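The next block is target.txt, given as compact mmCIF, C-alpha atoms and all ligand atoms.
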```txt
# COMPACT_ATOMS: atom_id res chain seq x y z
CA MET P 1 20.83 1.83 -0.62
CA ALA P 2 24.39 2.00 -1.94
CA GLU P 3 24.29 3.54 -5.41
CA SER P 4 27.02 1.21 -6.68
CA SER P 5 24.98 -1.95 -6.28
CA TYR P 6 21.50 -0.60 -6.94
CA GLU P 7 20.31 -1.57 -10.42
CA LYS P 8 18.59 1.03 -12.52
CA MET P 9 15.82 0.03 -14.91
CA ASN P 10 13.26 1.62 -17.12
CA ILE P 11 9.73 1.67 -15.84
CA GLN P 12 6.74 2.19 -18.04
CA TRP P 13 4.50 4.61 -16.16
CA PHE P 14 0.87 5.02 -16.94
CA PRO P 15 0.53 8.63 -17.93
CA GLY P 16 -3.21 8.86 -18.65
CA HIS P 17 -6.31 8.53 -16.51
CA MET P 18 -4.90 10.50 -13.63
CA THR P 19 -6.59 13.72 -14.60
CA LYS P 20 -9.95 12.02 -14.98
CA ALA P 21 -9.63 10.34 -11.60
CA GLN P 22 -8.62 13.60 -9.98
CA ARG P 23 -11.55 15.42 -11.53
CA MET P 24 -13.99 12.82 -10.25
CA ILE P 25 -12.51 13.03 -6.78
CA GLU P 26 -12.76 16.81 -6.84
CA GLU P 27 -16.36 16.77 -8.08
CA ASN P 28 -17.46 14.31 -5.42
CA LEU P 29 -15.65 15.86 -2.50
CA LYS P 30 -18.41 18.37 -1.97
CA LEU P 31 -20.79 15.49 -1.30
CA VAL P 32 -18.83 14.06 1.63
CA ASP P 33 -18.01 15.06 5.19
CA ALA P 34 -14.65 13.28 5.40
CA VAL P 35 -12.05 11.50 3.32
CA CYS P 36 -10.70 8.11 4.27
CA GLU P 37 -7.52 7.05 2.56
CA ILE P 38 -6.42 3.42 2.64
CA LEU P 39 -2.68 2.78 2.60
CA ASP P 40 -0.58 -0.35 2.50
CA ALA P 41 1.05 -0.46 5.93
CA ARG P 42 4.24 -1.84 4.37
CA ILE P 43 4.66 1.19 2.11
CA PRO P 44 2.72 4.10 3.59
CA ARG P 45 4.81 6.63 1.70
CA SER P 46 4.64 5.07 -1.75
CA SER P 47 0.99 4.05 -1.41
CA ARG P 48 -0.05 7.63 -0.63
CA ASN P 49 -0.70 10.04 -3.40
CA PRO P 50 0.38 13.37 -1.94
CA ASP P 51 -1.95 15.17 -4.37
CA ILE P 52 -4.77 14.14 -2.09
CA ASP P 53 -3.62 16.72 0.48
CA ARG P 54 -4.37 19.45 -2.04
CA LEU P 55 -7.51 17.77 -3.40
CA ALA P 56 -9.08 17.09 -0.01
CA GLY P 57 -8.69 20.70 1.11
CA ASP P 58 -9.84 21.01 4.69
CA LYS P 59 -12.05 17.90 4.85
CA PRO P 60 -11.41 15.83 7.99
CA ARG P 61 -9.16 12.90 7.15
CA LEU P 62 -8.82 9.35 8.29
CA LEU P 63 -5.89 7.16 7.31
CA ILE P 64 -6.18 3.40 7.32
CA LEU P 65 -2.97 1.42 7.52
CA ASN P 66 -4.17 -1.80 5.90
CA ARG P 67 -2.41 -5.15 5.52
CA VAL P 68 -0.93 -4.86 9.00
CA ASP P 69 -0.84 -8.66 9.04
CA LEU P 70 2.00 -8.47 6.49
CA ALA P 71 3.77 -5.41 7.91
CA ASP P 72 6.48 -5.13 10.55
CA PRO P 73 4.57 -4.19 13.74
CA GLU P 74 7.31 -1.81 14.89
CA ALA P 75 7.31 0.04 11.59
CA THR P 76 3.50 0.24 11.69
CA ALA P 77 3.61 1.75 15.18
CA ARG P 78 6.10 4.34 13.98
CA TRP P 79 3.97 5.22 10.98
CA ARG P 80 0.92 5.59 13.19
CA ARG P 81 2.78 8.07 15.42
CA HIS P 82 4.13 9.85 12.35
CA PHE P 83 0.70 10.39 10.80
CA GLU P 84 -0.99 11.20 14.11
CA GLY P 85 1.71 13.83 14.58
CA GLN P 86 0.53 15.35 11.30
CA GLY P 87 -3.02 15.56 12.64
CA PHE P 88 -4.54 12.50 10.94
CA SER P 89 -6.77 9.97 12.64
CA VAL P 90 -5.17 6.59 12.04
CA LEU P 91 -6.51 3.04 12.12
CA GLU P 92 -4.63 -0.21 11.64
CA THR P 93 -6.48 -2.96 9.82
CA ASP P 94 -6.17 -6.36 8.28
CA ALA P 95 -9.18 -6.11 6.02
CA LYS P 96 -8.78 -9.70 4.86
CA SER P 97 -9.44 -11.15 8.32
CA GLY P 98 -11.39 -8.10 9.48
CA ARG P 99 -9.04 -7.27 12.34
CA GLY P 100 -9.33 -3.61 13.34
CA VAL P 101 -12.24 -2.93 10.98
CA LYS P 102 -14.87 -2.58 13.72
CA GLU P 103 -12.99 0.50 14.97
CA PHE P 104 -13.85 2.32 11.75
CA VAL P 105 -17.40 3.50 12.47
CA PRO P 106 -16.57 4.83 15.98
CA ALA P 107 -13.46 6.52 14.53
CA VAL P 108 -15.58 8.29 11.88
CA ARG P 109 -18.01 9.49 14.52
CA ARG P 110 -15.15 10.78 16.68
CA LEU P 111 -13.60 12.50 13.68
CA LEU P 112 -16.89 14.17 12.76
CA LYS P 113 -18.09 14.91 16.27
CA ASP P 114 -18.44 18.64 15.52
CA LYS P 115 -20.41 17.95 12.37
CA LEU P 116 -22.77 15.63 14.25
CA GLU P 117 -23.32 18.34 16.88
CA GLN P 118 -24.03 20.89 14.12
CA TYR P 119 -26.61 18.57 12.57
CA GLU P 120 -28.25 18.10 15.99
CA ALA P 121 -28.32 21.86 16.58
CA LYS P 122 -30.01 22.38 13.18
CA GLY P 123 -32.58 19.69 13.94
CA GLN P 124 -31.03 17.37 11.32
CA GLY P 125 -30.01 14.74 13.84
CA GLY P 126 -30.90 11.82 11.55
CA ARG P 127 -28.72 12.99 8.67
CA PRO P 128 -26.12 10.38 7.76
CA LEU P 129 -22.41 11.12 7.65
CA ARG P 130 -20.81 10.60 4.28
CA VAL P 131 -17.25 9.43 3.80
CA MET P 132 -15.27 9.02 0.60
CA ILE P 133 -12.99 5.98 0.48
CA LEU P 134 -9.84 6.40 -1.58
CA GLY P 135 -6.79 4.34 -2.28
CA ILE P 136 -4.44 3.17 -4.98
CA PRO P 137 -5.31 -0.02 -6.91
CA ASN P 138 -5.24 -3.28 -5.02
CA VAL P 139 -4.66 -1.73 -1.60
CA GLY P 140 -7.73 -3.47 -0.21
CA LYS P 141 -10.51 -0.89 -0.70
CA SER P 142 -13.22 -3.37 -1.69
CA THR P 143 -12.21 -5.87 0.94
CA PHE P 144 -12.28 -3.13 3.57
CA ILE P 145 -15.64 -1.70 2.48
CA ASN P 146 -17.20 -5.16 2.36
CA LYS P 147 -15.96 -5.92 5.87
CA VAL P 148 -17.28 -2.61 7.21
CA ALA P 149 -20.62 -3.16 5.49
CA GLY P 150 -20.82 -6.80 6.55
CA ARG P 151 -21.83 -7.79 3.00
CA LYS P 152 -20.46 -7.85 -0.52
CA ALA P 153 -21.14 -4.23 -1.40
CA ALA P 154 -18.03 -3.17 -3.31
CA VAL P 155 -16.63 -4.76 -6.44
CA ALA P 156 -13.10 -6.07 -6.02
CA GLY P 157 -10.36 -6.24 -8.56
CA ASP P 158 -9.70 -2.79 -9.99
CA LYS P 159 -7.46 -2.45 -12.94
CA PRO P 160 -5.08 0.48 -12.83
CA GLY P 161 -6.57 3.29 -14.86
CA VAL P 162 -10.13 2.08 -14.74
CA THR P 163 -12.51 4.52 -13.20
CA ARG P 164 -15.40 2.59 -11.80
CA GLY P 165 -18.86 3.95 -11.28
CA LYS P 166 -19.70 5.98 -8.26
CA GLN P 167 -21.42 3.96 -5.59
CA TRP P 168 -22.90 4.89 -2.23
CA ILE P 169 -22.76 2.12 0.30
CA ASN P 170 -25.00 2.36 3.29
CA ILE P 171 -23.34 1.11 6.45
CA ASP P 172 -25.97 1.98 9.01
CA LYS P 173 -28.57 4.66 9.31
CA GLY P 174 -25.91 7.16 10.31
CA LEU P 175 -23.18 6.45 7.76
CA ASP P 176 -22.78 6.17 3.99
CA LEU P 177 -19.53 5.40 2.22
CA LEU P 178 -18.71 6.64 -1.24
CA ASP P 179 -16.83 3.87 -2.98
CA THR P 180 -13.87 5.36 -4.83
CA PRO P 181 -15.19 7.41 -7.71
CA GLY P 182 -11.76 7.48 -9.27
CA ILE P 183 -8.97 5.25 -8.21
CA LEU P 184 -6.28 7.21 -6.57
CA TRP P 185 -3.33 7.12 -8.85
CA PRO P 186 -0.03 6.20 -7.25
CA LYS P 187 2.56 8.87 -7.64
CA PHE P 188 5.51 7.48 -9.52
CA ASP P 189 8.24 9.96 -8.95
CA SER P 190 11.14 7.59 -8.67
CA GLN P 191 12.17 4.10 -9.64
CA GLU P 192 12.12 3.09 -5.98
CA VAL P 193 8.49 4.10 -5.58
CA GLY P 194 7.69 2.01 -8.66
CA GLU P 195 9.52 -0.91 -7.11
CA MET P 196 7.65 -0.55 -3.83
CA LEU P 197 4.35 -0.57 -5.72
CA ALA P 198 5.36 -3.64 -7.72
CA LEU P 199 6.59 -5.52 -4.65
CA THR P 200 3.21 -5.01 -3.01
CA ASN P 201 1.15 -5.73 -6.17
CA ALA P 202 -0.23 -2.20 -6.60
CA ILE P 203 1.19 -2.30 -10.10
CA LYS P 204 1.96 -5.43 -12.02
CA ALA P 205 5.53 -6.58 -11.54
CA ASP P 206 5.55 -7.29 -15.31
CA VAL P 207 5.95 -3.58 -16.04
CA LEU P 208 9.38 -3.87 -14.45
CA ASP P 209 12.17 -6.24 -15.16
CA LYS P 210 11.43 -8.97 -12.64
CA GLU P 211 15.00 -10.12 -12.20
CA THR P 212 16.15 -6.59 -11.49
CA LEU P 213 13.21 -6.06 -9.16
CA GLY P 214 14.16 -9.26 -7.33
CA ALA P 215 17.83 -8.29 -7.24
CA ASN P 216 17.10 -4.87 -5.77
CA PHE P 217 14.70 -6.44 -3.29
CA MET P 218 17.48 -8.80 -2.20
CA LEU P 219 19.70 -5.78 -1.47
CA ARG P 220 16.94 -4.20 0.56
CA LEU P 221 16.38 -7.39 2.52
CA ARG P 222 20.10 -7.77 3.18
CA GLU P 223 20.19 -4.23 4.53
CA TYR P 224 17.02 -4.24 6.65
CA TYR P 225 15.91 -7.82 7.24
CA PRO P 226 18.93 -10.12 6.75
CA GLN P 227 17.44 -12.64 9.18
CA ALA P 228 14.52 -13.15 6.77
CA LEU P 229 16.99 -14.31 4.11
CA THR P 230 18.81 -16.56 6.52
CA GLU P 231 15.63 -18.12 7.82
CA ARG P 232 13.81 -18.54 4.53
CA TYR P 233 16.64 -19.23 2.07
CA LYS P 234 19.24 -20.63 4.47
CA PHE P 235 22.14 -18.42 3.52
CA THR P 236 23.91 -15.52 5.15
CA PRO P 237 23.98 -12.67 2.63
CA ASP P 238 27.49 -11.69 1.65
CA PRO P 239 27.91 -7.89 2.07
CA GLU P 240 30.10 -7.76 -1.07
CA GLN P 241 27.65 -9.41 -3.45
CA ASN P 242 25.29 -7.59 -5.78
CA GLY P 243 21.57 -8.35 -5.93
CA PHE P 244 21.88 -10.86 -8.76
CA GLU P 245 24.56 -12.74 -6.87
CA LEU P 246 22.30 -12.83 -3.83
CA LEU P 247 19.53 -14.26 -6.00
CA GLU P 248 21.97 -16.84 -7.24
CA ALA P 249 22.99 -17.74 -3.68
CA ALA P 250 19.34 -18.32 -2.80
CA ALA P 251 18.76 -20.25 -6.06
CA LYS P 252 21.64 -22.57 -5.14
CA LYS P 253 20.08 -23.28 -1.77
CA ARG P 254 16.77 -24.01 -3.45
CA GLY P 255 18.41 -26.20 -6.06
CA PHE P 256 17.09 -24.07 -8.96
CA LEU P 257 19.59 -25.41 -11.46
CA VAL P 258 19.31 -24.63 -15.20
CA SER P 259 22.34 -26.59 -16.29
CA LYS P 260 25.45 -27.83 -14.58
CA GLY P 261 26.75 -24.99 -12.43
CA GLU P 262 24.20 -22.49 -13.73
CA TYR P 263 21.37 -21.37 -11.51
CA ASP P 264 17.95 -20.05 -12.45
CA ILE P 265 17.98 -16.44 -11.28
CA GLU P 266 14.67 -15.64 -12.95
CA ARG P 267 12.89 -18.45 -11.18
CA MET P 268 14.44 -17.35 -7.90
CA ALA P 269 13.31 -13.75 -8.47
CA ASN P 270 9.75 -14.97 -9.11
CA THR P 271 9.89 -17.18 -6.05
CA LEU P 272 11.16 -14.34 -3.87
CA LEU P 273 8.45 -11.93 -5.05
CA GLY P 274 5.73 -14.57 -4.69
CA GLU P 275 6.85 -15.57 -1.21
CA TYR P 276 6.98 -11.96 -0.07
CA HIS P 277 3.47 -11.46 -1.44
CA ASP P 278 2.27 -14.50 0.49
CA GLY P 279 3.89 -13.31 3.72
CA LYS P 280 6.27 -16.28 3.81
CA LEU P 281 9.30 -14.10 4.53
CA GLY P 282 7.68 -12.79 7.69
CA ARG P 283 6.14 -9.42 8.43
CA LEU P 284 8.39 -7.03 6.55
CA SER P 285 7.78 -3.35 5.92
CA LEU P 286 9.55 -1.63 3.07
CA GLU P 287 9.41 1.94 4.33
CA GLN P 288 9.94 3.70 7.62
CA PRO P 289 8.80 7.24 8.38
CA ASP P 290 11.97 9.20 8.93
CA ASP P 291 15.08 7.34 8.06
CA GLY P 292 15.30 7.54 4.31
CA PHE P 293 14.32 3.88 4.02
CA VAL P 294 13.24 4.59 0.49
CA GLY P 295 13.53 7.26 -2.14
CA THR P 296 16.64 8.93 -0.86
CA GLY P 297 19.22 6.68 -2.47
CA LYS P 298 20.47 5.70 0.97
P1 LIG Z 301 -8.89 -2.81 -4.16
O1 LIG Z 301 -10.39 -2.80 -4.03
O2 LIG Z 301 -8.23 -1.68 -3.44
O3 LIG Z 301 -8.40 -2.91 -5.55
O4 LIG Z 301 -8.33 -4.11 -3.42
P2 LIG Z 301 -9.10 -5.47 -3.05
O5 LIG Z 301 -10.05 -5.22 -1.94
O6 LIG Z 301 -9.60 -6.09 -4.31
O7 LIG Z 301 -7.90 -6.32 -2.42
C1 LIG Z 301 -6.78 -6.73 -3.18
C2 LIG Z 301 -6.18 -8.00 -2.59
O8 LIG Z 301 -5.65 -7.67 -1.29
C3 LIG Z 301 -7.20 -9.11 -2.34
O9 LIG Z 301 -6.53 -10.34 -2.50
C4 LIG Z 301 -7.51 -8.98 -0.85
O10 LIG Z 301 -7.92 -10.18 -0.28
C5 LIG Z 301 -6.16 -8.57 -0.32
N1 LIG Z 301 -6.24 -7.83 0.95
C6 LIG Z 301 -7.01 -6.75 1.22
N2 LIG Z 301 -6.79 -6.33 2.48
C7 LIG Z 301 -5.85 -7.15 3.01
C8 LIG Z 301 -5.19 -7.24 4.30
O11 LIG Z 301 -5.41 -6.44 5.21
N3 LIG Z 301 -4.27 -8.25 4.44
C9 LIG Z 301 -3.98 -9.13 3.46
N4 LIG Z 301 -3.08 -10.07 3.70
N5 LIG Z 301 -4.59 -9.08 2.23
C10 LIG Z 301 -5.50 -8.11 2.03
P3 LIG Z 301 -6.60 -11.19 -3.80
O12 LIG Z 301 -7.79 -10.83 -4.63
O13 LIG Z 301 -6.38 -12.61 -3.43
O14 LIG Z 301 -5.36 -10.65 -4.55
P4 LIG Z 301 -3.88 -10.84 -4.17
O15 LIG Z 301 -3.77 -11.59 -2.85
O16 LIG Z 301 -3.34 -11.62 -5.30
O17 LIG Z 301 -3.31 -9.45 -4.07
```
What would the structure in this file look like if it were written as structure tokens?
Ligand code: G4P
Amino acid sequence: MAESSYEKMNIQWFPGHMTKAQRMIEENLKLVDAVCEILDARIPRSSRNPDIDRLAGDKPRLLILNRVDLADPEATARWRRHFEGQGFSVLETDAKSGRGVKEFVPAVRRLLKDKLEQYEAKGQGGRPLRVMILGIPNVGKSTFINKVAGRKAAVAGDKPGVTRGKQWINIDKGLDLLDTPGILWPKFDSQEVGEMLALTNAIKADVLDKETLGANFMLRLREYYPQALTERYKFTPDPEQNGFELLEAAAKKRGFLVSKGEYDIERMANTLLGEYHDGKLGRLSLEQPDDGFVGTGK
């Protein structure tokens, strides 16, 4: 995004907990045959913690692109190709409705075909496969696990920084899931990553300045999905305006007046963020694999 219009803000990162979570992941890795990482399909880059590549070593890996119901299908298809090109097995899911979830067990068995054959050869044919489920807070881990298990097996509602107890969840006689022993910490290495995480509720938007978050989101929408602004807020975004002015333009259309001639930008920012969260702006992805969609100051 153009540097001139992009608003900078201070973000309070959470410095602690990460080491503990990493240690728990490391300790438990030896107990599993594969690692399954759940990502938000709208922000596959920002919702991945690249440390996992080092932590997981040479364990077979499965990536789940979750929340596909909210993501731009074209972007999701590109991400799938991108990750498959890197050698990952990839599944697309909407864990809330359950779409795509039934592919998970067959995908694990395909991924661990060699392991299954080894077990057979050693006369341990009945031994269950064990898979660790990882993901940043609020990405849909519990919802996904519960859908795979067909019952309420995982506790929802993690708080960032809370390491919940280790839990094995039996799926069928051939598969056990290890519910995240330590929540995978998102990697905040830029303001934009922080914004992506706040826009998708992985971190609370309150840790950022909401108006600035909304203003920067407006700029992003103008650049990549202007039709969403036109359709939802009934205005054509002016290419010369900054993000706050775009919020004001939308506030005018909504009639969010504070006093005569003054519009409620804060209310508009909250509305924008809430409506994106609820999918009311359409299926919009915030990152693309190769085009510097985020993090490059484009
Ligand atoms: P976590 O264990 O990784 O922390 O996440 P959890 O399963 O608790 O899911 C967080 C929220 O995301 C839940 O909504 C859940 O319903 C929603 N969710 C999970 N997967 C999907 C998906 O594929 N599509 C959509 N649209 N939503 C999904 P919630 O508790 O109501 O919270 P929220 O909606 O306010 O985020």
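With distances taken over only C-alpha atoms, P:Leu219 is the one residue among P:Leu111, P:Leu219, P:Ala34, P:Ala154 lying closest to P:Glu7.
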Residues within 8 Å of ligand LIG 301 (chain Z), counting all atoms listed in the file: report them as a PDB file with C-alpha atoms, keeping the file's coordinate frame.
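What follows is the written file pocket03.pdb:
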```pdb
ATOM      1  CA  ASN P  66      -4.170  -1.800   5.900  1.00  0.00           C
ATOM      2  CA  ARG P  67      -2.410  -5.150   5.520  1.00  0.00           C
ATOM      3  CA  VAL P  68      -0.930  -4.860   9.000  1.00  0.00           C
ATOM      4  CA  ASP P  69      -0.840  -8.660   9.040  1.00  0.00           C
ATOM      5  CA  LEU P  70       2.000  -8.470   6.490  1.00  0.00           C
ATOM      6  CA  THR P  93      -6.480  -2.960   9.820  1.00  0.00           C
ATOM      7  CA  ASP P  94      -6.170  -6.360   8.280  1.00  0.00           C
ATOM      8  CA  ALA P  95      -9.180  -6.110   6.020  1.00  0.00           C
ATOM      9  CA  LYS P  96      -8.780  -9.700   4.860  1.00  0.00           C
ATOM     10  CA  SER P  97      -9.440 -11.150   8.320  1.00  0.00           C
ATOM     11  CA  GLY P  98     -11.390  -8.100   9.480  1.00  0.00           C
ATOM     12  CA  GLY P 135      -6.790   4.340  -2.280  1.00  0.00           C
ATOM     13  CA  ILE P 136      -4.440   3.170  -4.980  1.00  0.00           C
ATOM     14  CA  PRO P 137      -5.310  -0.020  -6.910  1.00  0.00           C
ATOM     15  CA  ASN P 138      -5.240  -3.280  -5.020  1.00  0.00           C
ATOM     16  CA  VAL P 139      -4.660  -1.730  -1.600  1.00  0.00           C
ATOM     17  CA  GLY P 140      -7.730  -3.470  -0.210  1.00  0.00           C
ATOM     18  CA  LYS P 141     -10.510  -0.890  -0.700  1.00  0.00           C
ATOM     19  CA  SER P 142     -13.220  -3.370  -1.690  1.00  0.00           C
ATOM     20  CA  THR P 143     -12.210  -5.870   0.940  1.00  0.00           C
ATOM     21  CA  PHE P 144     -12.280  -3.130   3.570  1.00  0.00           C
ATOM     22  CA  ILE P 145     -15.640  -1.700   2.480  1.00  0.00           C
ATOM     23  CA  ALA P 154     -18.030  -3.170  -3.310  1.00  0.00           C
ATOM     24  CA  VAL P 155     -16.630  -4.760  -6.440  1.00  0.00           C
ATOM     25  CA  ALA P 156     -13.100  -6.070  -6.020  1.00  0.00           C
ATOM     26  CA  GLY P 157     -10.360  -6.240  -8.560  1.00  0.00           C
ATOM     27  CA  ASP P 158      -9.700  -2.790  -9.990  1.00  0.00           C
ATOM     28  CA  LYS P 159      -7.460  -2.450 -12.940  1.00  0.00           C
ATOM     29  CA  THR P 200       3.210  -5.010  -3.010  1.00  0.00           C
ATOM     30  CA  ASN P 201       1.150  -5.730  -6.170  1.00  0.00           C
ATOM     31  CA  HIS P 277       3.470 -11.460  -1.440  1.00  0.00           C
ATOM     32  CA  ASP P 278       2.270 -14.500   0.490  1.00  0.00           C
ATOM     33  CA  GLY P 279       3.890 -13.310   3.720  1.00  0.00           C
TER      34      GLY P 279
END
```
Find the spatial neighbours of stretch 254-268 of chain P, counting only C-alpha atoms, within a cut-off of 10 Å - ignore same-chain residues fewer than 5 positions away - and output them as a list in words. Asp209, Lys210, Glu211, Thr212, Gly214, Ala215, Tyr233, Lys234, Phe244, Glu245, Leu246, Leu247, Glu248, Ala249, Leu273 and Gly274 of chain P
Between atom CA of P:Leu284 and atom CA of P:Gln227, what distance in Å does the model show, to one decimal?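 Between atom CA of P:Leu284 and atom CA of P:Gln227 the gap is 11.0 Å.
Among the candidates P:Leu286, P:Leu134, P:Ala41, P:Val32, the one nearest to P:Met196 when counting all atoms listed in the file is P:Leu286.
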Can you pull out every residue within 8 Å of P:Val148, counting only C-alpha atoms, but drop anything in the same chain fewer than 2 positions away, and send it as a count of residues only? 8
Considering all atoms listed in the file, return as a PyMOL selection string whatever protein or nucleic-acid residues lie within 12 Å of P:Val105, sequence-local ones (same chain, fewer than 4 positions apart) excluded. chain P and resi 36+62+91+100-101+109-112+129-131+145+147-149+170-177
Would you mind reading off the distance between atom CA of P:Leu65 and atom CA of P:Ile43, one decimal, in Å?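 The value is 9.4 Å.
Atom CA of P:Gly243 is found 5.6 Å from atom CA of P:Met218.
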Taking into account only C-alpha atoms, which residue in the set P:Glu240, P:Glu287, P:Asp51, P:Asp40 is nearest to P:Ile25? P:Asp51
Hey, which of P:Arg222, P:Arg23, P:Lys166, P:Arg99 ends up closest to P:Leu178? Count all atoms listed in the file. P:Lys166
All heavy atoms are what I want for stretch 255-262 of chain P; can you complete it accordingly and write them as a PDB file, in the frame of the given file?
```pdb
ATOM      1  N   GLY P 255      18.169 -25.196  -5.019  1.00  0.00           N
ATOM      2  CA  GLY P 255      18.410 -26.200  -6.060  1.00  0.00           C
ATOM      3  C   GLY P 255      17.773 -25.824  -7.389  1.00  0.00           C
ATOM      4  O   GLY P 255      17.379 -26.691  -8.170  1.00  0.00           O
ATOM      5  N   PHE P 256      17.659 -24.528  -7.681  1.00  0.00           N
ATOM      6  CA  PHE P 256      17.090 -24.070  -8.960  1.00  0.00           C
ATOM      7  C   PHE P 256      18.170 -24.072 -10.036  1.00  0.00           C
ATOM      8  O   PHE P 256      18.684 -23.036 -10.444  1.00  0.00           O
ATOM      9  CB  PHE P 256      16.508 -22.656  -8.822  1.00  0.00           C
ATOM     10  CG  PHE P 256      15.268 -22.559  -7.980  1.00  0.00           C
ATOM     11  CD1 PHE P 256      14.751 -21.308  -7.642  1.00  0.00           C
ATOM     12  CD2 PHE P 256      14.595 -23.691  -7.531  1.00  0.00           C
ATOM     13  CE1 PHE P 256      13.601 -21.200  -6.865  1.00  0.00           C
ATOM     14  CE2 PHE P 256      13.447 -23.592  -6.755  1.00  0.00           C
ATOM     15  CZ  PHE P 256      12.951 -22.334  -6.418  1.00  0.00           C
ATOM     16  N   LEU P 257      18.494 -25.254 -10.503  1.00  0.00           N
ATOM     17  CA  LEU P 257      19.590 -25.410 -11.460  1.00  0.00           C
ATOM     18  C   LEU P 257      19.038 -25.349 -12.885  1.00  0.00           C
ATOM     19  O   LEU P 257      18.022 -25.953 -13.190  1.00  0.00           O
ATOM     20  CB  LEU P 257      20.188 -26.795 -11.205  1.00  0.00           C
ATOM     21  CG  LEU P 257      21.631 -27.076 -11.568  1.00  0.00           C
ATOM     22  CD1 LEU P 257      22.594 -26.112 -10.888  1.00  0.00           C
ATOM     23  CD2 LEU P 257      21.978 -28.524 -11.194  1.00  0.00           C
ATOM     24  N   VAL P 258      19.711 -24.608 -13.789  1.00  0.00           N
ATOM     25  CA  VAL P 258      19.310 -24.630 -15.200  1.00  0.00           C
ATOM     26  C   VAL P 258      20.152 -25.663 -15.939  1.00  0.00           C
ATOM     27  O   VAL P 258      19.665 -26.472 -16.705  1.00  0.00           O
ATOM     28  CB  VAL P 258      19.542 -23.271 -15.923  1.00  0.00           C
ATOM     29  CG1 VAL P 258      18.603 -23.119 -17.115  1.00  0.00           C
ATOM     30  CG2 VAL P 258      19.465 -22.083 -15.020  1.00  0.00           C
ATOM     31  N   SER P 259      21.454 -25.571 -15.736  1.00  0.00           N
ATOM     32  CA  SER P 259      22.340 -26.590 -16.290  1.00  0.00           C
ATOM     33  C   SER P 259      23.473 -26.723 -15.291  1.00  0.00           C
ATOM     34  O   SER P 259      23.500 -26.001 -14.293  1.00  0.00           O
ATOM     35  CB  SER P 259      22.873 -26.136 -17.653  1.00  0.00           C
ATOM     36  OG  SER P 259      23.587 -24.931 -17.472  1.00  0.00           O
ATOM     37  N   LYS P 260      24.383 -27.571 -15.565  1.00  0.00           N
ATOM     38  CA  LYS P 260      25.450 -27.830 -14.580  1.00  0.00           C
ATOM     39  C   LYS P 260      26.143 -26.508 -14.186  1.00  0.00           C
ATOM     40  O   LYS P 260      26.664 -25.791 -15.031  1.00  0.00           O
ATOM     41  CB  LYS P 260      26.461 -28.798 -15.194  1.00  0.00           C
ATOM     42  CG  LYS P 260      27.358 -29.427 -14.160  1.00  0.00           C
ATOM     43  CD  LYS P 260      28.123 -30.600 -14.767  1.00  0.00           C
ATOM     44  CE  LYS P 260      29.033 -31.280 -13.761  1.00  0.00           C
ATOM     45  NZ  LYS P 260      30.063 -30.463 -13.224  1.00  0.00           N
ATOM     46  N   GLY P 261      26.059 -26.181 -12.923  1.00  0.00           N
ATOM     47  CA  GLY P 261      26.750 -24.990 -12.430  1.00  0.00           C
ATOM     48  C   GLY P 261      26.046 -23.674 -12.735  1.00  0.00           C
ATOM     49  O   GLY P 261      26.522 -22.611 -12.350  1.00  0.00           O
ATOM     50  N   GLU P 262      24.896 -23.753 -13.435  1.00  0.00           N
ATOM     51  CA  GLU P 262      24.200 -22.490 -13.730  1.00  0.00           C
ATOM     52  C   GLU P 262      22.824 -22.471 -13.055  1.00  0.00           C
ATOM     53  O   GLU P 262      22.031 -23.402 -13.227  1.00  0.00           O
ATOM     54  CB  GLU P 262      24.018 -22.327 -15.244  1.00  0.00           C
ATOM     55  CG  GLU P 262      23.715 -20.886 -15.630  1.00  0.00           C
ATOM     56  CD  GLU P 262      23.199 -20.789 -17.073  1.00  0.00           C
ATOM     57  OE1 GLU P 262      23.617 -21.613 -17.918  1.00  0.00           O
ATOM     58  OE2 GLU P 262      22.358 -19.912 -17.323  1.00  0.00           O
TER      59      GLU P 262
END
```
